[in-house]
file structure.csv (CSV, C-alpha atoms)
chain,number,residue,atom,x,y,z
A,1,MET,CA,-4.9,14.7,-20.0
A,2,ASP,CA,-7.7,12.8,-21.6
A,3,GLN,CA,-10.3,15.1,-20.0
A,4,PHE,CA,-8.7,18.0,-21.9
A,5,GLN,CA,-8.9,16.2,-25.2
A,6,GLN,CA,-12.6,15.3,-24.5
A,7,VAL,CA,-13.4,19.0,-24.3
A,8,GLY,CA,-11.4,19.8,-27.4
A,9,ILE,CA,-8.3,21.2,-25.7
A,10,ARG,CA,-5.0,19.8,-27.0
A,11,PRO,CA,-2.4,19.3,-24.3
A,12,VAL,CA,1.2,19.7,-25.4
A,13,ALA,CA,4.1,19.1,-23.1
A,14,ILE,CA,7.5,20.8,-23.8
A,15,SER,CA,10.9,20.2,-22.2
A,16,VAL,CA,14.6,20.0,-23.2
A,17,ASP,CA,14.5,16.2,-23.2
A,18,SER,CA,15.4,14.6,-26.5
A,19,PRO,CA,12.6,13.0,-28.7
A,20,GLU,CA,13.9,9.6,-27.7
A,21,GLN,CA,13.7,10.3,-23.9
A,22,SER,CA,10.2,11.7,-24.3
A,23,ARG,CA,9.2,8.7,-26.4
A,24,ASP,CA,10.5,6.4,-23.6
A,25,LEU,CA,8.5,8.4,-21.0
A,26,SER,CA,5.4,8.4,-23.2
A,27,THR,CA,5.6,4.6,-23.8
A,28,LYS,CA,6.2,3.8,-20.2
A,29,ALA,CA,3.5,6.0,-18.8
A,30,GLY,CA,1.1,5.3,-21.7
A,31,TYR,CA,0.7,9.0,-22.6
A,32,THR,CA,-1.3,9.8,-25.8
A,33,PHE,CA,-0.8,13.6,-25.8
A,34,THR,CA,1.9,15.4,-27.9
A,35,ILE,CA,5.3,15.8,-26.3
A,36,LEU,CA,7.7,18.2,-28.0
A,37,SER,CA,11.5,18.3,-27.6
A,38,ASP,CA,13.3,21.6,-27.2
A,39,PRO,CA,16.9,20.5,-26.6
A,40,LYS,CA,18.4,24.0,-27.2
A,41,ALA,CA,15.6,25.7,-25.2
A,42,ASP,CA,14.7,27.9,-28.3
A,43,ALA,CA,10.9,27.9,-27.5
A,44,ILE,CA,11.6,27.9,-23.8
A,45,ARG,CA,13.7,31.1,-24.3
A,46,ARG,CA,11.1,32.7,-26.5
A,47,TYR,CA,8.6,32.2,-23.7
A,48,ASP,CA,11.1,33.5,-21.1
A,49,LEU,CA,11.0,30.3,-19.1
A,50,VAL,CA,14.7,29.4,-19.1
A,51,HIS,CA,15.9,28.2,-15.7
A,52,ALA,CA,19.6,28.8,-16.3
A,53,GLY,CA,21.9,26.0,-15.2
A,54,ALA,CA,19.2,24.1,-13.3
A,55,GLY,CA,19.6,20.9,-15.2
A,56,GLU,CA,22.2,18.2,-15.1
A,57,ASN,CA,25.8,19.5,-15.5
A,58,GLY,CA,24.5,23.1,-15.4
A,59,ARG,CA,22.2,22.7,-18.4
A,60,ASP,CA,19.5,25.2,-19.1
A,61,ILE,CA,16.1,23.8,-18.6
A,62,ALA,CA,12.5,25.1,-18.5
A,63,ARG,CA,10.9,26.3,-15.3
A,64,PRO,CA,7.4,24.7,-14.9
A,65,ALA,CA,4.7,26.8,-16.5
A,66,GLU,CA,1.3,26.2,-18.2
A,67,PHE,CA,-0.4,28.3,-20.8
A,68,LEU,CA,-4.0,27.9,-22.2
A,69,LEU,CA,-4.3,29.3,-25.7
A,70,ASP,CA,-7.5,29.9,-27.6
A,71,SER,CA,-7.9,28.7,-31.2
A,72,GLY,CA,-6.6,32.1,-32.3
A,73,GLY,CA,-3.3,31.6,-30.5
A,74,THR,CA,-4.1,34.2,-27.8
A,75,VAL,CA,-3.2,33.4,-24.1
A,76,ARG,CA,-6.3,33.0,-22.1
A,77,TRP,CA,-4.9,31.7,-18.8
A,78,VAL,CA,-1.3,31.4,-17.4
A,79,ASN,CA,0.2,29.6,-14.4
A,80,LEU,CA,3.8,30.5,-13.5
A,81,THR,CA,4.3,28.5,-10.3
A,82,GLU,CA,6.5,29.9,-7.5
A,83,ASN,CA,7.3,26.4,-6.2
A,84,TYR,CA,8.4,23.7,-8.6
A,85,TRP,CA,6.7,21.0,-6.6
A,86,VAL,CA,3.4,22.8,-7.1
A,87,ARG,CA,1.7,22.6,-10.5
A,88,ALA,CA,-1.6,23.7,-11.8
A,89,ARG,CA,-4.5,21.4,-10.9
A,90,PRO,CA,-6.4,19.9,-13.9
A,91,GLU,CA,-9.7,21.3,-12.5
A,92,GLN,CA,-8.3,24.8,-12.5
A,93,ILE,CA,-7.4,24.5,-16.2
A,94,LEU,CA,-10.7,22.9,-17.1
A,95,GLU,CA,-12.5,25.8,-15.3
A,96,ALA,CA,-10.4,28.3,-17.3
A,97,SER,CA,-11.0,26.5,-20.6
A,98,LYS,CA,-14.8,26.8,-20.2
A,99,SER,CA,-14.5,30.2,-21.8
A,100,LEU,CA,-13.2,28.6,-24.9
A,101,TYR,CA,-16.3,26.5,-25.7
B,102,MET,CA,9.8,-1.5,33.8
B,103,ASN,CA,13.0,-2.9,32.6
B,104,ASN,CA,15.1,0.1,31.6
B,105,GLN,CA,17.8,-1.9,29.8
B,106,LYS,CA,15.5,-3.1,27.1
B,107,PHE,CA,15.9,-1.9,23.5
B,108,ASN,CA,14.8,1.7,23.1
B,109,TRP,CA,12.6,1.2,20.1
B,110,GLN,CA,10.9,4.6,20.4
B,111,ILE,CA,14.0,6.5,19.5
B,112,TRP,CA,14.4,4.3,16.4
B,113,VAL,CA,10.8,4.6,15.4
B,114,GLY,CA,11.0,8.4,15.7
B,115,PHE,CA,14.1,8.5,13.5
B,116,LEU,CA,12.5,6.2,10.9
B,117,PHE,CA,9.4,8.4,10.8
B,118,SER,CA,11.5,11.5,10.1
B,119,VAL,CA,13.3,9.7,7.2
B,120,LEU,CA,10.0,8.4,5.9
B,121,SER,CA,8.5,11.9,6.0
B,122,LEU,CA,11.4,13.3,3.9
B,123,PHE,CA,11.2,10.7,1.1
B,124,SER,CA,7.5,10.3,1.0
B,125,TYR,CA,7.0,13.8,-0.2
B,126,PRO,CA,8.8,13.5,-3.6
B,127,LEU,CA,7.9,9.8,-4.0
B,128,VAL,CA,4.2,9.8,-2.9
B,129,PHE,CA,2.6,13.0,-1.7
B,130,VAL,CA,3.5,15.2,-4.7
B,131,ARG,CA,1.2,13.0,-6.8
B,132,PHE,CA,-1.9,14.3,-5.0
B,133,PRO,CA,-2.6,18.1,-5.1
B,134,VAL,CA,-4.2,17.9,-1.6
B,135,THR,CA,-0.9,16.8,0.0
B,136,ARG,CA,1.4,18.5,-2.5
B,137,ASP,CA,0.4,22.2,-2.4
B,138,PHE,CA,1.0,22.3,1.3
B,139,PRO,CA,2.9,19.3,2.7
B,140,TRP,CA,0.7,18.9,5.8
B,141,ALA,CA,0.9,15.1,5.6
B,142,ASN,CA,4.7,15.2,5.9
B,143,LEU,CA,4.6,17.8,8.7
B,144,LEU,CA,2.2,15.4,10.5
B,145,LEU,CA,4.7,12.6,10.1
B,146,PHE,CA,7.4,14.8,11.5
B,147,GLY,CA,5.1,15.5,14.4
B,148,ILE,CA,4.7,11.8,15.1
B,149,ALA,CA,8.5,11.4,14.8
B,150,ALA,CA,8.9,14.2,17.4
B,151,VAL,CA,6.6,12.4,19.9
B,152,PHE,CA,8.5,9.1,19.5
B,153,LEU,CA,11.8,10.9,19.8
B,154,PHE,CA,10.7,12.8,22.9
B,155,VAL,CA,9.6,9.5,24.6
B,156,GLY,CA,12.7,7.7,23.4
B,157,LEU,CA,15.0,10.5,24.6
B,158,ARG,CA,13.4,10.5,28.1
B,159,ARG,CA,13.9,6.8,28.2
B,160,ALA,CA,17.5,7.1,27.1
B,161,PHE,CA,18.3,9.5,29.9
B,162,ALA,CA,16.5,7.6,32.6
B,163,PRO,CA,18.7,6.5,35.6
B,164,GLN,CA,20.2,3.0,35.2
B,165,ARG,CA,20.5,3.4,31.4
B,166,ARG,CA,23.9,2.9,29.9
B,167,ALA,CA,25.9,5.8,28.3
B,168,ARG,CA,25.6,4.0,25.0
B,169,SER,CA,21.8,4.5,25.1
B,170,ARG,CA,22.2,8.2,25.8
B,171,ILE,CA,24.6,8.7,22.9
B,172,ALA,CA,22.3,6.8,20.5
B,173,GLY,CA,19.4,8.9,21.7
B,174,VAL,CA,21.2,12.2,21.1
B,175,VAL,CA,22.7,11.1,17.7
B,176,LEU,CA,19.3,9.9,16.3
B,177,THR,CA,17.5,12.9,17.6
B,178,THR,CA,20.1,15.2,16.0
B,179,LEU,CA,19.9,13.3,12.7
B,180,SER,CA,16.1,13.6,12.8
B,181,VAL,CA,16.3,17.4,13.3
B,182,LEU,CA,18.7,17.6,10.4
B,183,VAL,CA,16.3,15.6,8.2
B,184,LEU,CA,13.5,18.0,9.1
B,185,GLY,CA,15.8,20.9,8.2
B,186,LEU,CA,16.6,19.3,4.9
B,187,PHE,CA,12.9,18.8,4.2
B,188,ILE,CA,12.0,22.4,5.1
B,189,PHE,CA,14.8,23.6,2.9
B,190,SER,CA,14.0,21.5,-0.1
B,191,THR,CA,10.3,22.1,-0.1
B,192,PHE,CA,10.0,25.7,1.1
B,193,VAL,CA,13.3,27.3,0.1
B,194,ALA,CA,15.1,25.6,-2.8
B,195,ALA,CA,11.9,24.8,-4.6
B,196,ARG,CA,11.2,28.5,-4.9
B,197,TRP,CA,14.5,29.3,-6.7
B,198,LEU,CA,12.8,29.9,-10.0
B,199,PRO,CA,13.3,32.6,-12.6
B,200,ALA,CA,10.7,35.4,-12.4
B,201,SER,CA,9.9,35.0,-16.2
B,202,LYS,CA,8.7,38.6,-16.5
B,203,GLY,CA,8.8,38.3,-20.3
B,204,ALA,CA,6.5,35.3,-20.4
B,205,PRO,CA,3.4,35.7,-22.6
B,206,GLN,CA,0.6,37.2,-20.5
B,207,VAL,CA,-3.2,36.8,-20.8
B,208,GLY,CA,-4.4,38.6,-23.9
B,209,GLN,CA,-1.1,38.4,-25.7
B,210,LYS,CA,-0.4,36.3,-28.7
B,211,ALA,CA,1.6,33.1,-27.9
B,212,PRO,CA,5.0,33.1,-29.8
B,213,ASP,CA,5.2,30.5,-32.5
B,214,PHE,CA,7.8,27.7,-32.4
B,215,SER,CA,8.8,24.6,-34.3
B,216,LEU,CA,9.9,21.6,-32.3
B,217,THR,CA,10.4,17.9,-32.8
B,218,ASP,CA,7.8,15.4,-31.5
B,219,THR,CA,8.5,11.9,-30.3
B,220,ASN,CA,8.3,10.5,-33.8
B,221,GLY,CA,11.0,12.9,-35.0
B,222,ARG,CA,8.5,15.1,-36.9
B,223,VAL,CA,8.8,18.9,-36.8
B,224,VAL,CA,5.7,20.5,-35.4
B,225,THR,CA,4.8,24.2,-35.3
B,226,LEU,CA,2.4,25.9,-32.9
B,227,SER,CA,0.1,26.7,-35.8
B,228,GLU,CA,-0.1,23.0,-36.8
B,229,LEU,CA,-1.2,22.2,-33.2
B,230,PHE,CA,-4.2,24.5,-33.8
B,231,SER,CA,-5.1,23.1,-37.2
B,232,SER,CA,-4.7,19.3,-36.8
B,233,PRO,CA,-8.0,17.9,-35.5
B,234,ILE,CA,-8.7,16.1,-32.2
B,235,ASN,CA,-11.6,13.7,-32.1
B,236,GLY,CA,-12.3,14.7,-35.7
B,237,LYS,CA,-12.8,18.4,-34.9
B,238,ALA,CA,-10.5,21.5,-34.9
B,239,PRO,CA,-9.2,22.0,-31.3
B,240,LYS,CA,-10.9,24.7,-29.3
B,241,GLY,CA,-7.6,25.5,-27.6
B,242,VAL,CA,-4.1,24.3,-26.9
B,243,LEU,CA,-2.6,23.8,-23.4
B,244,LEU,CA,1.1,24.3,-23.4
B,245,ILE,CA,2.8,22.6,-20.5
B,246,PHE,CA,6.5,23.4,-20.0
B,247,TYR,CA,8.2,21.1,-17.6
B,248,ARG,CA,11.7,20.5,-16.3
B,249,GLY,CA,12.3,17.2,-18.0
B,250,TYR,CA,14.4,14.3,-17.0
B,251,TRP,CA,17.5,15.2,-19.1

call {"tool": "encode", "arguments": {"input": "structure.csv", "output": "structure tokens"}}
result
Amino acid sequence: MDQFQQVGIRPVAISVDSPEQSRDLSTKAGYTFTILSDPKADAIRRYDLVHAGAGENGRDIARPAEFLLDSGGTVRWVNLTENYWVRARPEQILEASKSLY
Amino acid sequence: MNNQKFNWQIWVGFLFSVLSLFSYPLVFVRFPVTRDFPWANLLLFGIAAVFLFVGLRRAFAPQRRARSRIAGVVLTTLSVLVLGLFIFSTFVAARWLPASKGAPQVGQKAPDFSLTDTNGRVVTLSELFSSPINGKAPKGVLLIFYRGYW
């Protein structure tokens, strides 16, 4: 995550976790990037990323996805994984972000 | 060779299969090389299969007691079930994801949102573009949606 900040890209993580849960995670793992809480899945729904009933007690959660936005807010690169174990590799994102600077 | 001795091969084979199942979510997902395709785990299952094969042959050797044969069959069956569970969870269930056809695509404007950060402050997408990092306006924002820990 630090490598993104070094090149001027702000990483922001979003999930349905409460701010307290995210703060615990952040403190334990020593994260410095922004973590946002979307408990009602409002933003997650707006991005069509709701994985209905996949959370604890059938709660709606986000499916994993990554979006790289330029400073104008336009999507420049997207990764919608087909397997939830498999996420984007940092080097893929850094490669894609070269077009932004 | 003393055929009545402890059939350790069958147990090692079984342990390798269990190790392979749990090592994927606990260890190998951390490294993209072993995560994107679980070859390391399939290799561990391969090692398990070799031990189970040797152990099973030993269990069914003449002079072995019935108990040894039963243990051999039970542990081999369990190992096959563990392999099945692994294949199911990594190749089948992990792909049960929504298609997200309406997700923003390349070239489209990302929808705005306002969400709470870990300090309880409400943050909008536009603020994420304007507040500086390393003293400069950010060149871009990387949104990472994840399942969370609930």

call {"tool": "closest_residue", "arguments": {"input": "structure.csv", "among": "A:Asn83, A:Ser37, A:Thr74, A:Ser22", "to": "Phe192 (chain B)", "atoms": "all atoms listed in the file"}}
result
A:Asn83

call {"tool": "atom_distance", "arguments": {"input": "structure.csv", "atom1": "CA of Trp85 (chain A)", "atom2": "CA of Pro126 (chain B)"}}
result
8.3 Å

call {"tool": "interface_residues", "arguments": {"input": "structure.csv", "of": "chain A", "to": "chain B", "cutoff": "6 Å", "atoms": "only C-alpha atoms", "output": "PDB file with C-alpha atoms, in the frame of the given file"}}
result
ATOM      1  CA  GLY A   8     -11.400  19.800 -27.400  1.00  0.00           C
ATOM      2  CA  ILE A   9      -8.300  21.200 -25.700  1.00  0.00           C
ATOM      3  CA  ARG A  10      -5.000  19.800 -27.000  1.00  0.00           C
ATOM      4  CA  PRO A  11      -2.400  19.300 -24.300  1.00  0.00           C
ATOM      5  CA  VAL A  12       1.200  19.700 -25.400  1.00  0.00           C
ATOM      6  CA  ALA A  13       4.100  19.100 -23.100  1.00  0.00           C
ATOM      7  CA  ILE A  14       7.500  20.800 -23.800  1.00  0.00           C
ATOM      8  CA  SER A  15      10.900  20.200 -22.200  1.00  0.00           C
ATOM      9  CA  ASP A  17      14.500  16.200 -23.200  1.00  0.00           C
ATOM     10  CA  PRO A  19      12.600  13.000 -28.700  1.00  0.00           C
ATOM     11  CA  ARG A  23       9.200   8.700 -26.400  1.00  0.00           C
ATOM     12  CA  ILE A  35       5.300  15.800 -26.300  1.00  0.00           C
ATOM     13  CA  LEU A  36       7.700  18.200 -28.000  1.00  0.00           C
ATOM     14  CA  SER A  37      11.500  18.300 -27.600  1.00  0.00           C
ATOM     15  CA  ALA A  43      10.900  27.900 -27.500  1.00  0.00           C
ATOM     16  CA  TYR A  47       8.600  32.200 -23.700  1.00  0.00           C
ATOM     17  CA  ASP A  48      11.100  33.500 -21.100  1.00  0.00           C
ATOM     18  CA  LEU A  49      11.000  30.300 -19.100  1.00  0.00           C
ATOM     19  CA  HIS A  51      15.900  28.200 -15.700  1.00  0.00           C
ATOM     20  CA  ILE A  61      16.100  23.800 -18.600  1.00  0.00           C
ATOM     21  CA  ALA A  62      12.500  25.100 -18.500  1.00  0.00           C
ATOM     22  CA  ARG A  63      10.900  26.300 -15.300  1.00  0.00           C
ATOM     23  CA  PRO A  64       7.400  24.700 -14.900  1.00  0.00           C
ATOM     24  CA  ALA A  65       4.700  26.800 -16.500  1.00  0.00           C
ATOM     25  CA  GLU A  66       1.300  26.200 -18.200  1.00  0.00           C
ATOM     26  CA  PHE A  67      -0.400  28.300 -20.800  1.00  0.00           C
ATOM     27  CA  LEU A  68      -4.000  27.900 -22.200  1.00  0.00           C
ATOM     28  CA  LEU A  69      -4.300  29.300 -25.700  1.00  0.00           C
ATOM     29  CA  ASP A  70      -7.500  29.900 -27.600  1.00  0.00           C
ATOM     30  CA  SER A  71      -7.900  28.700 -31.200  1.00  0.00           C
ATOM     31  CA  GLY A  73      -3.300  31.600 -30.500  1.00  0.00           C
ATOM     32  CA  THR A  74      -4.100  34.200 -27.800  1.00  0.00           C
ATOM     33  CA  VAL A  75      -3.200  33.400 -24.100  1.00  0.00           C
ATOM     34  CA  ARG A  76      -6.300  33.000 -22.100  1.00  0.00           C
ATOM     35  CA  TRP A  77      -4.900  31.700 -18.800  1.00  0.00           C
ATOM     36  CA  GLU A  82       6.500  29.900  -7.500  1.00  0.00           C
ATOM     37  CA  ASN A  83       7.300  26.400  -6.200  1.00  0.00           C
ATOM     38  CA  TYR A  84       8.400  23.700  -8.600  1.00  0.00           C
ATOM     39  CA  VAL A  86       3.400  22.800  -7.100  1.00  0.00           C
TER      40      VAL A  86
END

call {"tool": "atom_distance", "arguments": {"input": "structure.csv", "atom1": "CA of Leu80 (chain A)", "atom2": "CA of Arg45 (chain A)"}}
result
14.7 Å

call {"tool": "closest_residue", "arguments": {"input": "structure.csv", "among": "B:Ala150, B:Phe187, B:Leu143, B:Leu127", "to": "Phe115 (chain B)", "atoms": "only C-alpha atoms"}}
result
B:Ala150

call {"tool": "atom_distance", "arguments": {"input": "structure.csv", "atom1": "CA of Leu122 (chain B)", "atom2": "CA of Ile171 (chain B)"}}
result
23.6 Å

call {"tool": "closest_residue", "arguments": {"input": "structure.csv", "among": "A:Lys40, A:Thr34, A:Arg59, A:Glu95", "to": "Gln5 (chain A)", "atoms": "all atoms listed in the file"}}
result
A:Thr34
